[in-house]
file entry-v4.txt (compact mmCIF, C-alpha atoms)
# COMPACT_ATOMS: atom_id res chain seq x y z
CA MET Z 1 101.48 159.16 197.40
CA ALA Z 2 99.04 161.98 196.76
CA LEU Z 3 96.21 161.43 194.35
CA ASN Z 4 96.35 163.11 190.97
CA LYS Z 5 93.97 166.09 191.10
CA PRO Z 6 94.53 168.14 187.95
CA TYR Z 7 91.38 170.19 188.59
CA LEU Z 8 92.43 172.24 191.61
CA ASP Z 9 93.41 175.22 189.45
CA LEU Z 10 89.88 175.76 188.07
CA PRO Z 11 88.32 179.04 189.21
CA GLY Z 12 84.87 179.00 190.81
CA THR Z 13 84.55 175.23 190.59
CA THR Z 14 84.63 172.37 193.09
CA ILE Z 15 85.04 168.92 191.61
CA PHE Z 16 83.00 166.36 193.55
CA ASP Z 17 85.67 163.73 194.05
CA ALA Z 18 86.02 160.89 196.54
CA GLU Z 19 87.34 163.26 199.22
CA GLN Z 20 84.44 165.73 198.83
CA SER Z 21 82.03 162.81 198.74
CA ARG Z 22 83.39 161.47 202.02
CA LYS Z 23 83.11 164.90 203.67
CA GLY Z 24 79.61 165.43 202.36
CA TYR Z 25 78.19 161.93 202.85
CA TRP Z 26 75.52 162.80 205.44
CA LEU Z 27 74.78 166.20 203.92
CA ASN Z 28 74.05 164.52 200.60
CA GLN Z 29 72.11 161.66 202.16
CA PHE Z 30 69.98 164.21 204.04
CA CYS Z 31 69.25 165.79 200.65
CA MET Z 32 68.22 162.41 199.24
CA SER Z 33 65.69 162.02 202.06
CA LEU Z 34 63.84 165.04 200.63
CA MET Z 35 62.74 162.95 197.67
CA LYS Z 36 59.95 161.64 199.90
CA ALA Z 37 56.94 163.93 200.34
CA ASP Z 38 56.59 163.06 204.06
CA ASN Z 39 60.18 164.05 204.74
CA ARG Z 40 59.79 167.28 202.80
CA ALA Z 41 56.81 168.15 205.00
CA ARG Z 42 58.69 167.34 208.22
CA PHE Z 43 61.72 169.37 207.08
CA LYS Z 44 59.57 172.37 206.19
CA ALA Z 45 57.72 172.19 209.51
CA ASP Z 46 60.95 172.42 211.56
CA GLU Z 47 64.16 172.58 209.54
CA ARG Z 48 66.48 172.63 212.55
CA ALA Z 49 64.87 169.60 214.19
CA TYR Z 50 64.94 167.64 210.95
CA LEU Z 51 68.61 168.48 210.34
CA ASP Z 52 69.45 167.40 213.88
CA GLU Z 53 68.38 163.86 212.97
CA TRP Z 54 71.38 163.63 210.63
CA ALA Z 55 75.06 163.11 211.46
CA MET Z 56 75.99 166.35 209.72
CA SER Z 57 78.47 168.91 211.03
CA GLU Z 58 77.09 172.10 212.55
CA GLU Z 59 78.65 174.01 209.65
CA GLN Z 60 76.79 171.85 207.15
CA LYS Z 61 73.49 172.32 208.98
CA GLN Z 62 73.97 176.10 209.08
CA ALA Z 63 74.84 176.21 205.38
CA VAL Z 64 71.58 174.38 204.62
CA LEU Z 65 69.56 176.69 206.88
CA ASP Z 66 71.17 179.68 205.13
CA ARG Z 67 70.58 178.08 201.69
CA ASP Z 68 74.23 178.94 201.01
CA LEU Z 69 74.88 176.51 198.18
CA ASN Z 70 78.51 177.55 197.68
CA ARG Z 71 79.16 176.76 201.33
CA CYS Z 72 77.27 173.46 201.04
CA ILE Z 73 79.49 172.52 198.09
CA ALA Z 74 82.67 173.49 199.93
CA LEU Z 75 81.52 171.20 202.77
CA GLY Z 76 81.08 168.20 200.47
CA GLY Z 77 77.66 168.77 198.94
CA ASN Z 78 77.00 167.89 195.32
CA ILE Z 79 74.68 169.96 193.18
CA TYR Z 80 72.47 167.03 192.10
CA PHE Z 81 71.87 166.20 195.75
CA LEU Z 82 71.49 169.84 196.81
CA ALA Z 83 68.90 170.23 194.05
CA LYS Z 84 66.51 168.27 196.30
CA ILE Z 85 66.58 171.21 198.72
CA GLY Z 86 65.81 173.51 195.81
CA ALA Z 87 62.92 171.29 194.74
CA THR Z 88 61.58 171.39 198.30
CA ASP Z 89 61.77 175.19 198.16
CA GLY Z 90 60.17 175.27 194.71
CA LYS Z 91 63.33 176.55 192.99
CA SER Z 92 64.47 175.62 189.49
CA PHE Z 93 67.99 174.51 188.59
CA GLN Z 94 68.52 177.90 186.99
CA GLN Z 95 67.58 179.71 190.19
CA MET Z 96 69.88 177.46 192.20
CA ALA Z 97 72.81 177.80 189.82
CA GLY Z 98 72.33 181.55 189.61
CA SER Z 99 72.27 181.89 193.40
CA MET Z 100 75.89 180.72 193.53
CA THR Z 101 77.13 183.60 191.38
CA GLY Z 102 75.78 186.53 193.38
CA MET Z 103 73.75 187.64 190.37
CA THR Z 104 70.04 188.26 190.63
CA GLU Z 105 67.78 185.72 188.98
CA GLU Z 106 67.16 188.14 186.12
CA GLU Z 107 70.85 188.93 185.63
CA TYR Z 108 71.71 185.23 185.49
CA ARG Z 109 68.88 184.45 183.11
CA ASP Z 110 69.99 187.31 180.85
CA MET Z 111 73.55 186.01 180.87
CA MET Z 112 72.29 182.60 179.69
CA LEU Z 113 70.10 184.17 177.00
CA GLY Z 114 73.17 186.09 175.85
CA GLY Z 115 75.04 182.83 175.23
CA GLY Z 116 76.17 181.99 178.75
CA ARG Z 117 79.37 182.71 180.62
CA SER Z 118 82.48 182.80 178.44
CA ALA Z 119 85.34 180.42 179.11
CA GLU Z 120 87.74 183.29 178.38
CA GLY Z 121 89.65 184.16 181.52
CA ASN Z 122 87.83 181.39 183.40
CA ARG Z 123 89.98 178.39 182.56
CA TYR Z 124 92.71 178.77 185.17
CA LEU Z 125 92.94 180.46 188.55
CA GLY Z 126 94.92 183.67 188.19
CA GLU Z 127 93.27 184.80 184.96
CA ASP Z 128 90.88 187.75 184.92
CA GLY Z 129 87.48 186.28 183.96
CA ASP Z 130 84.22 186.96 185.79
CA ALA Z 131 84.29 183.66 187.69
CA GLN Z 132 87.66 184.42 189.32
CA PRO Z 133 87.79 184.92 193.12
CA GLN Z 134 88.75 188.60 192.80
CA HIS Z 135 85.46 189.29 190.96
CA GLN Z 136 83.05 187.76 193.50
CA PRO Z 137 80.24 188.23 194.08
CA GLN Z 138 79.01 189.00 190.58
CA GLY Z 139 76.06 191.12 189.54
CA LYS Z 140 75.06 194.72 190.03
CA SER Z 141 73.83 194.25 193.59
CA LYS Z 142 77.13 192.50 194.47
CA GLY Z 143 75.29 189.75 196.25
CA SER Z 144 73.63 191.99 198.81
CA ASN Z 145 70.13 190.72 197.94
CA MET H 1 70.89 138.79 163.90
CA ALA H 2 70.41 141.97 165.86
CA ARG H 3 72.13 145.05 164.50
CA ILE H 4 72.83 148.63 165.52
CA THR H 5 71.42 150.75 162.73
CA ALA H 6 71.93 154.25 164.08
CA SER H 7 73.09 156.36 166.98
CA VAL H 8 71.35 159.41 168.39
CA TYR H 9 73.00 162.02 170.61
CA THR H 10 71.18 164.60 172.67
CA SER H 11 71.33 166.74 175.77
CA HIS H 12 68.87 165.72 178.51
CA VAL H 13 68.24 169.02 180.34
CA PRO H 14 65.50 168.59 183.01
CA ALA H 15 63.96 171.97 182.13
CA ILE H 16 63.21 170.58 178.64
CA GLY H 17 61.04 167.91 180.23
CA ALA H 18 59.37 170.49 182.46
CA ALA H 19 58.69 172.75 179.45
CA LEU H 20 56.99 169.86 177.62
CA ASP H 21 55.08 168.66 180.66
CA LEU H 22 53.80 172.16 181.48
CA GLY H 23 52.76 172.91 177.88
CA LYS H 24 55.43 175.56 177.25
CA ALA H 25 56.90 174.01 174.09
CA GLN H 26 55.53 176.75 171.84
CA GLU H 27 56.83 179.63 173.95
CA PRO H 28 59.51 181.73 172.22
CA TYR H 29 62.15 180.57 174.69
CA TRP H 30 61.53 176.88 173.99
CA GLN H 31 60.32 176.80 170.39
CA PRO H 32 63.86 176.90 168.88
CA VAL H 33 64.94 174.01 171.12
CA PHE H 34 62.11 171.71 170.06
CA ALA H 35 62.42 172.74 166.40
CA GLY H 36 65.81 171.03 166.37
CA TYR H 37 64.08 167.70 166.99
CA ASP H 38 61.37 167.98 164.31
CA TYR H 39 63.54 166.09 161.84
CA GLY H 40 64.41 163.35 164.34
CA LYS H 41 60.76 162.74 165.22
CA GLU H 42 59.92 162.07 161.56
CA TRP H 43 63.10 160.08 160.98
CA ILE H 44 62.48 157.72 163.89
CA LYS H 45 58.92 157.00 162.71
CA GLU H 46 60.46 155.55 159.55
CA GLN H 47 63.30 153.79 161.34
CA LYS H 48 61.00 151.96 163.77
CA PRO H 49 63.69 150.70 166.16
CA ASP H 50 62.79 147.63 168.21
CA VAL H 51 65.13 148.51 171.06
CA ILE H 52 66.99 151.61 172.19
CA PHE H 53 70.15 151.10 174.20
CA LEU H 54 70.01 154.38 176.08
CA VAL H 55 73.21 155.65 177.69
CA TYR H 56 72.46 158.28 180.32
CA ASN H 57 73.34 159.25 183.85
CA ASP H 58 71.33 159.10 187.00
CA HIS H 59 71.25 162.43 188.87
CA ALA H 60 71.20 161.30 192.50
CA THR H 61 67.87 159.58 191.91
CA ALA H 62 68.15 155.78 191.73
CA PHE H 63 71.74 155.93 192.99
CA SER H 64 72.46 158.00 196.09
CA LEU H 65 75.86 157.82 197.76
CA ASP H 66 74.86 154.32 198.94
CA PHE H 67 75.92 152.82 195.61
CA ILE H 68 77.90 154.51 192.84
CA PRO H 69 78.23 152.06 189.93
CA THR H 70 80.48 153.28 187.13
CA PHE H 71 78.52 151.39 184.46
CA ALA H 72 75.08 149.94 185.26
CA ILE H 73 72.93 148.02 182.76
CA GLY H 74 69.19 147.67 183.32
CA THR H 75 68.07 144.09 182.75
CA GLY H 76 64.60 144.54 184.24
CA ALA H 77 61.23 144.19 182.51
CA GLU H 78 60.12 147.75 183.23
CA TYR H 79 61.13 151.00 184.94
CA GLN H 80 59.02 153.72 186.51
CA PRO H 81 59.69 157.44 185.97
CA ALA H 82 61.28 158.73 189.19
CA ASP H 83 60.06 161.37 191.60
CA GLU H 84 63.10 163.67 191.59
CA GLY H 85 61.61 166.00 194.18
CA TRP H 86 59.15 167.73 191.84
CA GLY H 87 56.94 164.62 191.46
CA PRO H 88 57.39 162.02 188.67
CA ARG H 89 57.27 163.28 185.07
CA PRO H 90 53.88 162.50 183.49
CA VAL H 91 55.30 160.03 180.96
CA PRO H 92 54.66 156.32 180.39
CA LYS H 93 56.68 153.70 182.20
CA VAL H 94 59.70 152.42 180.30
CA ILE H 95 59.54 148.85 179.01
CA GLY H 96 62.87 147.05 179.05
CA HIS H 97 64.24 144.22 176.92
CA PRO H 98 65.49 141.72 179.49
CA GLN H 99 66.63 139.12 176.94
CA LEU H 100 68.85 141.44 174.94
CA ALA H 101 70.01 143.27 178.07
CA ALA H 102 71.08 140.04 179.77
CA HIS H 103 72.81 138.93 176.59
CA ILE H 104 74.72 142.22 176.35
CA ALA H 105 75.65 142.06 180.05
CA GLN H 106 77.07 138.55 179.69
CA SER H 107 78.94 139.36 176.48
CA VAL H 108 80.35 142.70 177.62
CA ILE H 109 81.50 141.36 181.02
CA GLN H 110 83.23 138.47 179.27
CA ASP H 111 84.83 141.17 177.12
CA ASP H 112 86.43 142.64 180.31
CA PHE H 113 83.94 145.44 181.12
CA ASP H 114 82.76 144.93 184.69
CA LEU H 115 79.17 146.13 184.54
CA THR H 116 76.79 146.42 187.47
CA ILE H 117 73.53 144.62 186.74
CA VAL H 118 70.34 146.35 187.86
CA ASN H 119 66.93 144.73 187.79
CA LYS H 120 65.02 147.33 189.74
CA MET H 121 65.41 151.09 189.53
CA ASP H 122 63.45 154.21 188.70
CA VAL H 123 64.64 156.27 185.75
CA ASP H 124 65.06 160.04 185.93
CA HIS H 125 65.05 162.91 183.43
CA GLY H 126 68.39 161.74 182.04
CA LEU H 127 66.53 158.88 180.38
CA THR H 128 63.01 160.22 179.88
CA VAL H 129 63.84 163.65 178.39
CA PRO H 130 65.61 162.12 175.35
CA LEU H 131 62.61 159.81 174.81
CA SER H 132 60.25 162.80 174.93
CA LEU H 133 62.43 164.77 172.51
CA MET H 134 62.51 161.99 169.92
CA PHE H 135 59.02 160.52 170.35
CA GLY H 136 57.05 163.56 171.48
CA GLN H 137 54.64 163.65 174.37
CA GLN H 138 52.89 160.43 175.33
CA ASP H 139 49.95 160.00 177.65
CA PRO H 140 51.31 158.62 180.94
CA GLN H 141 48.49 156.09 181.38
CA HIS H 142 47.06 155.32 177.95
CA GLY H 143 50.15 156.04 175.87
CA ALA H 144 53.36 154.06 175.55
CA TRP H 145 56.89 154.57 174.24
CA PRO H 146 56.96 152.89 170.83
CA CYS H 147 59.83 150.52 171.58
CA ALA H 148 61.75 148.75 174.32
CA VAL H 149 64.56 150.61 176.12
CA ILE H 150 67.65 149.22 177.83
CA PRO H 151 68.79 151.82 180.38
CA PHE H 152 72.55 152.10 180.70
CA ALA H 153 73.59 154.42 183.53
CA VAL H 154 77.09 155.89 183.72
CA ASN H 155 78.54 157.57 186.79
CA VAL H 156 79.38 161.13 185.79
CA VAL H 157 78.49 162.61 189.21
CA GLN H 158 81.42 161.56 191.43
CA TYR H 159 84.92 162.03 190.07
CA PRO H 160 86.67 160.13 188.60
CA VAL H 161 84.14 159.23 185.96
CA PRO H 162 85.14 156.71 183.28
CA SER H 163 87.55 158.07 180.68
CA GLY H 164 86.48 158.89 177.15
CA ARG H 165 88.81 156.15 175.96
CA ARG H 166 87.13 153.55 178.17
CA CYS H 167 83.68 154.70 177.06
CA PHE H 168 84.67 154.45 173.40
CA GLN H 169 86.02 150.91 173.92
CA LEU H 170 82.86 149.94 175.79
CA GLY H 171 80.76 151.08 172.84
CA GLN H 172 82.72 148.72 170.62
CA ALA H 173 82.08 145.84 173.02
CA ILE H 174 78.36 146.68 173.04
CA ARG H 175 78.27 146.52 169.24
CA ARG H 176 79.88 143.08 169.27
CA ALA H 177 77.39 141.95 171.91
CA VAL H 178 74.36 143.17 169.97
CA GLU H 179 75.55 141.53 166.76
CA SER H 180 75.92 138.16 168.50
CA PHE H 181 72.27 138.14 169.63
CA ASP H 182 70.08 135.57 167.83
CA GLY H 183 67.05 137.65 167.08
CA ASP H 184 66.22 140.00 164.27
CA LEU H 185 66.23 143.30 166.13
CA ASN H 186 66.72 146.84 164.91
CA VAL H 187 68.72 148.43 167.74
CA GLN H 188 69.65 152.08 168.15
CA ILE H 189 72.18 153.34 170.66
CA TRP H 190 71.74 156.78 172.17
CA GLY H 191 74.33 158.86 173.97
CA THR H 192 72.88 161.63 176.13
CA GLY H 193 73.87 164.52 178.39
CA GLY H 194 75.93 167.67 177.83
CA MET H 195 76.82 169.80 176.02
CA SER H 196 78.75 172.54 177.82
CA HIS H 197 77.25 173.46 181.18
CA GLN H 198 78.21 174.13 184.76
CA LEU H 199 75.61 174.10 187.52
CA GLN H 200 77.76 175.02 190.50
CA GLY H 201 79.92 177.72 192.00
CA PRO H 202 80.80 181.21 190.75
CA ARG H 203 81.61 179.70 187.31
CA ALA H 204 77.99 178.45 186.93
CA GLY H 205 76.51 179.23 183.52
CA LEU H 206 79.65 178.49 181.52
CA ILE H 207 78.95 177.79 177.84
CA ASN H 208 81.56 177.15 175.16
CA LYS H 209 80.05 177.15 171.67
CA GLU H 210 83.35 176.80 169.85
CA TRP H 211 84.43 173.83 171.93
CA ASP H 212 81.02 172.15 171.66
CA ASN H 213 80.99 172.48 167.89
CA ALA H 214 84.55 171.18 167.62
CA PHE H 215 83.40 168.22 169.77
CA LEU H 216 80.56 167.53 167.33
CA ASP H 217 82.98 167.75 164.36
CA ARG H 218 85.36 165.29 165.93
CA LEU H 219 82.63 162.96 167.18
CA ILE H 220 81.53 162.60 163.57
CA ALA H 221 84.90 162.42 161.83
CA ASP H 222 87.55 161.50 164.42
CA PRO H 223 85.94 159.68 167.35
CA ALA H 224 89.05 157.62 168.14
CA GLY H 225 91.08 160.81 168.48
CA LEU H 226 88.37 162.54 170.48
CA ALA H 227 88.26 159.58 172.87
CA GLN H 228 91.83 160.41 173.95
CA LEU H 229 90.75 163.75 175.44
CA PRO H 230 91.43 163.80 179.21
CA HIS H 231 88.71 164.66 181.76
CA ILE H 232 90.29 167.96 182.67
CA ASP H 233 89.77 169.30 179.14
CA TYR H 234 86.02 168.69 179.36
CA VAL H 235 85.81 170.40 182.74
CA ARG H 236 88.03 173.35 181.87
CA GLU H 237 86.44 174.02 178.48
CA ALA H 238 82.84 172.79 178.84
CA GLY H 239 82.14 173.19 182.56
CA SER H 240 82.04 170.74 185.47
CA GLU H 241 78.84 169.12 184.20
CA GLY H 242 80.09 169.13 180.58
CA ILE H 243 81.89 165.92 181.59
CA GLU H 244 78.60 164.15 180.74
CA LEU H 245 79.78 164.23 177.12
CA VAL H 246 81.97 161.15 177.70
CA MET H 247 78.71 159.21 177.44
CA TRP H 248 78.36 160.19 173.79
CA LEU H 249 81.55 158.22 173.09
CA ILE H 250 79.87 154.97 174.18
CA ALA H 251 77.24 155.40 171.48
CA ARG H 252 79.82 156.51 168.93
CA GLY H 253 82.04 153.50 169.67
CA ALA H 254 79.16 151.19 168.74
CA MET H 255 78.96 152.45 165.14
CA SER H 256 80.13 150.22 162.27
CA ASP H 257 82.92 152.45 160.99
CA VAL H 258 84.84 151.98 164.23
CA ALA H 259 85.01 148.26 163.34
CA GLY H 260 86.15 148.94 159.78
CA GLY H 261 82.81 149.67 158.12
CA PRO H 262 81.91 152.73 156.05
CA ALA H 263 81.56 156.15 157.67
CA PRO H 264 78.07 156.82 159.03
CA GLU H 265 75.73 159.27 157.39
CA VAL H 266 75.01 162.47 159.33
CA LYS H 267 71.22 162.74 159.24
CA GLN H 268 70.84 165.64 161.67
CA ARG H 269 73.07 168.11 163.47
CA PHE H 270 71.66 170.76 165.78
CA TYR H 271 73.04 173.14 168.37
CA HIS H 272 71.27 175.76 170.47
CA VAL H 273 72.04 177.96 173.49
CA PRO H 274 70.47 178.08 176.03
CA ALA H 275 68.09 175.61 177.59
CA SER H 276 68.13 176.77 181.20
CA ASN H 277 71.85 176.51 182.10
CA THR H 278 72.89 174.31 179.22
CA ALA H 279 73.98 174.18 175.58
CA VAL H 280 71.76 171.75 173.67
CA GLY H 281 73.42 169.52 171.09
CA HIS H 282 71.83 166.83 168.94
CA LEU H 283 73.18 164.50 166.26
CA ILE H 284 71.81 161.54 164.35
CA LEU H 285 74.29 159.18 162.70
CA GLU H 286 73.03 156.31 160.55
CA ASN H 287 75.06 153.24 159.66
CA LYS H 288 75.14 152.59 155.93
CA GLN H 289 73.58 149.23 155.09
call {"tool": "encode", "arguments": {"input": "entry-v4.txt", "output": "structure tokens"}}
result
Amino acid sequence: MALNKPYLDLPGTTIFDAEQSRKGYWLNQFCMSLMKADNRARFKADERAYLDEWAMSEEQKQAVLDRDLNRCIALGGNIYFLAKIGATDGKSFQQMAGSMTGMTEEEYRDMMLGGGRSAEGNRYLGEDGDAQPQHQPQGKSKGSN
Amino acid sequence: MARITASVYTSHVPAIGAALDLGKAQEPYWQPVFAGYDYGKEWIKEQKPDVIFLVYNDHATAFSLDFIPTFAIGTGAEYQPADEGWGPRPVPKVIGHPQLAAHIAQSVIQDDFDLTIVNKMDVDHGLTVPLSLMFGQQDPQHGAWPCAVIPFAVNVVQYPVPSGRRCFQLGQAIRRAVESFDGDLNVQIWGTGGMSHQLQGPRAGLINKEWDNAFLDRLIADPAGLAQLPHIDYVREAGSEGIELVMWLIARGAMSDVAGGPAPEVKQRFYHVPASNTAVGHLILENKQ
């Protein structure tokens, strides 16, 4: 019998469940390794070589090299683990979260100062809010930066 | 006997810790956040708790995907602030209360809650940011937190996290455990995390003021009803990381009124948007003596 997953109709959101966790196990464990300063230095010196030490899929490695956090999440990454890559790059949580919307850092920061993203139209897939697939990427530059 | 005298609820946004640690607390962006805790800092100086039972979540720090305990109680003597990738926060180490923690573990497990027992772990911003908010900055070497802390980590990272109902029942079991401890201790229970926020995907940045404030209303006046709320409502209305709010129900379940006592007194209620990606909420509820 299929598991109960009532969260598949959320727009712009991937719930990190057991299945995602299984897919992303090595990707996330690679991220954990970046909590040690020595590993951060080795990763920065040669990202590709460091990634090749892990049993990650080629897609996962490429998503990390591209710093494509949406792709990392689709491939089983979890934001609290991926944040270790951001820390290694000197990025804040706000910069990381903003990077997944297509907005510039300033646009995202302004949205938060304005009270954040509204839930209106963003509760169910098929509505017309700014987080819906038909409105991606967001921001004036449309993610071309 | 030991008793739970009050519960404190607060968000634990990492950027709040960074703002304090980097001396940015007086900047216009942060000043309104910290102002919401001015009352609590004075209040807790008068309350002088002996022990704080601090419900929080680990953010892929002490627990990677190697171990994912749903409920983990710290029974160790002390805990170091973790290096989360930015270096450890410059705050004092956290002193535990192994006697009370072991007592609670034994009592709560015998009450059918299967806790994981942890004697050694580092504690991340989820635990240290609330301490900083309520006690202010402390010198990492020469300073000290003014009381013992029992860390209680809840898995809210990998779905399914425990239900609000289960958290609320666990709080009740924790109250019974504390009250059966032979020692005259003033214990507070803190529930941390939330409020609305989402850190991932195109929906990142979601904030829901109306929902958050309704949550605060119900947490005060109708916690048993609030505890029935399914996970999906938190995620849909308050963002994927808004699910952290189930932890507040553990602290709320430990208050006397849930066991037939008088309603608690609301000593502080505060709400502010934003702190980084997150809506900050803070409540203090005091049991009537």
call {"tool": "atom_distance", "arguments": {"input": "entry-v4.txt", "atom1": "atom CA of H:Ser240", "atom2": "atom CA of Z:Tyr80"}}
result
12.2 Å
call {"tool": "closest_atom_pairs", "arguments": {"input": "entry-v4.txt", "of": "chain H", "to": "chain Z", "cutoff": "8 Å", "atoms": "only C-alpha atoms", "output": "tab-separated table"}}
result
residue	atom	partner	partner_atom	distance
H:His59	CA	Z:Tyr80	CA	5.8
H:Ala60	CA	Z:Tyr80	CA	5.9
H:Thr61	CA	Z:Met32	CA	7.9
H:Ser64	CA	Z:Met32	CA	6.9
H:Leu65	CA	Z:Gln29	CA	6.9
H:Asp83	CA	Z:Met35	CA	6.8
H:Glu84	CA	Z:Met35	CA	6.1
H:Gly85	CA	Z:Met35	CA	4.8
H:Trp86	CA	Z:Ala87	CA	5.9
H:Val157	CA	Z:Phe16	CA	7.3
H:Gln158	CA	Z:Asp17	CA	5.4
H:Tyr159	CA	Z:Asp17	CA	4.4
H:Pro160	CA	Z:Asp17	CA	6.6
H:Leu199	CA	Z:Ala97	CA	5.2
H:Gln200	CA	Z:Ala97	CA	5.7
H:Gly201	CA	Z:Gly12	CA	5.2
H:Pro202	CA	Z:Thr101	CA	4.4
H:Arg203	CA	Z:Ala131	CA	4.8
H:Ala204	CA	Z:Ala97	CA	6.0
H:Gly205	CA	Z:Arg117	CA	5.4
H:Leu206	CA	Z:Arg117	CA	4.3
H:Ile207	CA	Z:Gly116	CA	5.1
H:Asn208	CA	Z:Ala119	CA	6.4
H:Ile232	CA	Z:Tyr7	CA	6.4
H:Arg236	CA	Z:Arg123	CA	5.4
H:Glu237	CA	Z:Ala119	CA	6.5
H:Ser240	CA	Z:Ile15	CA	7.1
H:Val273	CA	Z:Gly115	CA	6.0
H:Pro274	CA	Z:Met112	CA	6.1
H:Ser276	CA	Z:Gln94	CA	5.9
H:Asn277	CA	Z:Gln94	CA	6.1
call {"tool": "residues_around", "arguments": {"input": "entry-v4.txt", "residues": "stretch 34-43 of chain H", "least_positions_apart": "2", "cutoff": "8 Å", "atoms": "only C-alpha atoms", "output": "number ranges by chain"}}
result
H: 25, 30-32, 45-47, 133-136, 268, 270-271, 282, 284
call {"tool": "write_last_selection", "arguments": {"input": "entry-v4.txt", "atoms": "C-alpha atoms", "output": "CSV table (one decimal), keeping the file's coordinate frame"}}
result
chain,number,residue,atom,x,y,z
H,25,ALA,CA,56.9,174.0,174.1
H,30,TRP,CA,61.5,176.9,174.0
H,31,GLN,CA,60.3,176.8,170.4
H,32,PRO,CA,63.9,176.9,168.9
H,45,LYS,CA,58.9,157.0,162.7
H,46,GLU,CA,60.5,155.6,159.6
H,47,GLN,CA,63.3,153.8,161.3
H,133,LEU,CA,62.4,164.8,172.5
H,134,MET,CA,62.5,162.0,169.9
H,135,PHE,CA,59.0,160.5,170.4
H,136,GLY,CA,57.0,163.6,171.5
H,268,GLN,CA,70.8,165.6,161.7
H,270,PHE,CA,71.7,170.8,165.8
H,271,TYR,CA,73.0,173.1,168.4
H,282,HIS,CA,71.8,166.8,168.9
H,284,ILE,CA,71.8,161.5,164.4
call {"tool": "residues_near_point", "arguments": {"input": "entry-v4.txt", "point": "(63.9, 142.5, 190.7)", "cutoff": "12 Å", "atoms": "all atoms listed in the file", "output": "PyMOL selection string"}}
result
chain H and resi 74-79+98+117-122
call {"tool": "closest_residue", "arguments": {"input": "entry-v4.txt", "among": "Z:Leu8, Z:Ala63, Z:Leu51, Z:Met1", "to": "Z:Phe30", "atoms": "all atoms listed in the file"}}
result
Z:Leu51
call {"tool": "residues_around", "arguments": {"input": "entry-v4.txt", "residues": "Z:Cys72", "least_positions_apart": "5", "cutoff": "7 Å", "atoms": "all atoms listed in the file", "output": "PyMOL selection string"}}
result
chain Z and resi 60+63-64+77
call {"tool": "atom_distance", "arguments": {"input": "entry-v4.txt", "atom1": "atom CA of Z:Met56", "atom2": "atom CA of H:Ala62"}}
result
22.3 Å
call {"tool": "atom_distance", "arguments": {"input": "entry-v4.txt", "atom1": "atom CA of H:Val13", "atom2": "atom CA of H:Ala275"}}
result
7.1 Å
call {"tool": "residues_near_point", "arguments": {"input": "entry-v4.txt", "point": "(78.6, 155.7, 176.0)", "cutoff": "9 Å", "atoms": "all atoms listed in the file", "output": "PDB file with C-alpha atoms, in the coordinates of the input"}}
result
ATOM      1  CA  LEU H  54      70.010 154.380 176.080  1.00  0.00           C
ATOM      2  CA  VAL H  55      73.210 155.650 177.690  1.00  0.00           C
ATOM      3  CA  TYR H  56      72.460 158.280 180.320  1.00  0.00           C
ATOM      4  CA  PHE H 152      72.550 152.100 180.700  1.00  0.00           C
ATOM      5  CA  VAL H 154      77.090 155.890 183.720  1.00  0.00           C
ATOM      6  CA  GLY H 164      86.480 158.890 177.150  1.00  0.00           C
ATOM      7  CA  CYS H 167      83.680 154.700 177.060  1.00  0.00           C
ATOM      8  CA  PHE H 168      84.670 154.450 173.400  1.00  0.00           C
ATOM      9  CA  LEU H 170      82.860 149.940 175.790  1.00  0.00           C
ATOM     10  CA  GLY H 171      80.760 151.080 172.840  1.00  0.00           C
ATOM     11  CA  ILE H 189      72.180 153.340 170.660  1.00  0.00           C
ATOM     12  CA  TRP H 190      71.740 156.780 172.170  1.00  0.00           C
ATOM     13  CA  GLY H 191      74.330 158.860 173.970  1.00  0.00           C
ATOM     14  CA  THR H 192      72.880 161.630 176.130  1.00  0.00           C
ATOM     15  CA  LEU H 245      79.780 164.230 177.120  1.00  0.00           C
ATOM     16  CA  VAL H 246      81.970 161.150 177.700  1.00  0.00           C
ATOM     17  CA  MET H 247      78.710 159.210 177.440  1.00  0.00           C
ATOM     18  CA  TRP H 248      78.360 160.190 173.790  1.00  0.00           C
ATOM     19  CA  LEU H 249      81.550 158.220 173.090  1.00  0.00           C
ATOM     20  CA  ILE H 250      79.870 154.970 174.180  1.00  0.00           C
ATOM     21  CA  ALA H 251      77.240 155.400 171.480  1.00  0.00           C
ATOM     22  CA  ARG H 252      79.820 156.510 168.930  1.00  0.00           C
ATOM     23  CA  GLY H 253      82.040 153.500 169.670  1.00  0.00           C
ATOM     24  CA  ALA H 254      79.160 151.190 168.740  1.00  0.00           C
TER      25      ALA H 254
END
call {"tool": "residues_around", "arguments": {"input": "entry-v4.txt", "residues": "H:Asn155", "least_positions_apart": "6", "cutoff": "7 Å", "atoms": "all atoms listed in the file", "output": "MDAnalysis selection string"}}
result
chainID H and resid 57 68:71 161
call {"tool": "closest_residue", "arguments": {"input": "entry-v4.txt", "among": "H:Ala214, H:Val258, H:Ala279, H:Leu229", "to": "H:His197", "atoms": "all atoms listed in the file"}}
result
H:Ala279
call {"tool": "closest_residue", "arguments": {"input": "entry-v4.txt", "among": "H:Pro14, H:Arg269, H:Ala82, H:Gly261", "to": "H:Lys288", "atoms": "all atoms listed in the file"}}
result
H:Gly261
call {"tool": "residues_around", "arguments": {"input": "entry-v4.txt", "residues": "H:Ala2", "least_positions_apart": "5", "cutoff": "9 Å", "atoms": "all atoms listed in the file", "output": "PyMOL selection string"}}
result
chain H and resi 178-187
call {"tool": "residues_around", "arguments": {"input": "entry-v4.txt", "residues": "stretch 107-116 of chain H", "least_positions_apart": "4", "cutoff": "7 Å", "atoms": "all atoms listed in the file", "output": "ChimeraX atom specification"}}
result
/H:69,71-73,103,173-174,177
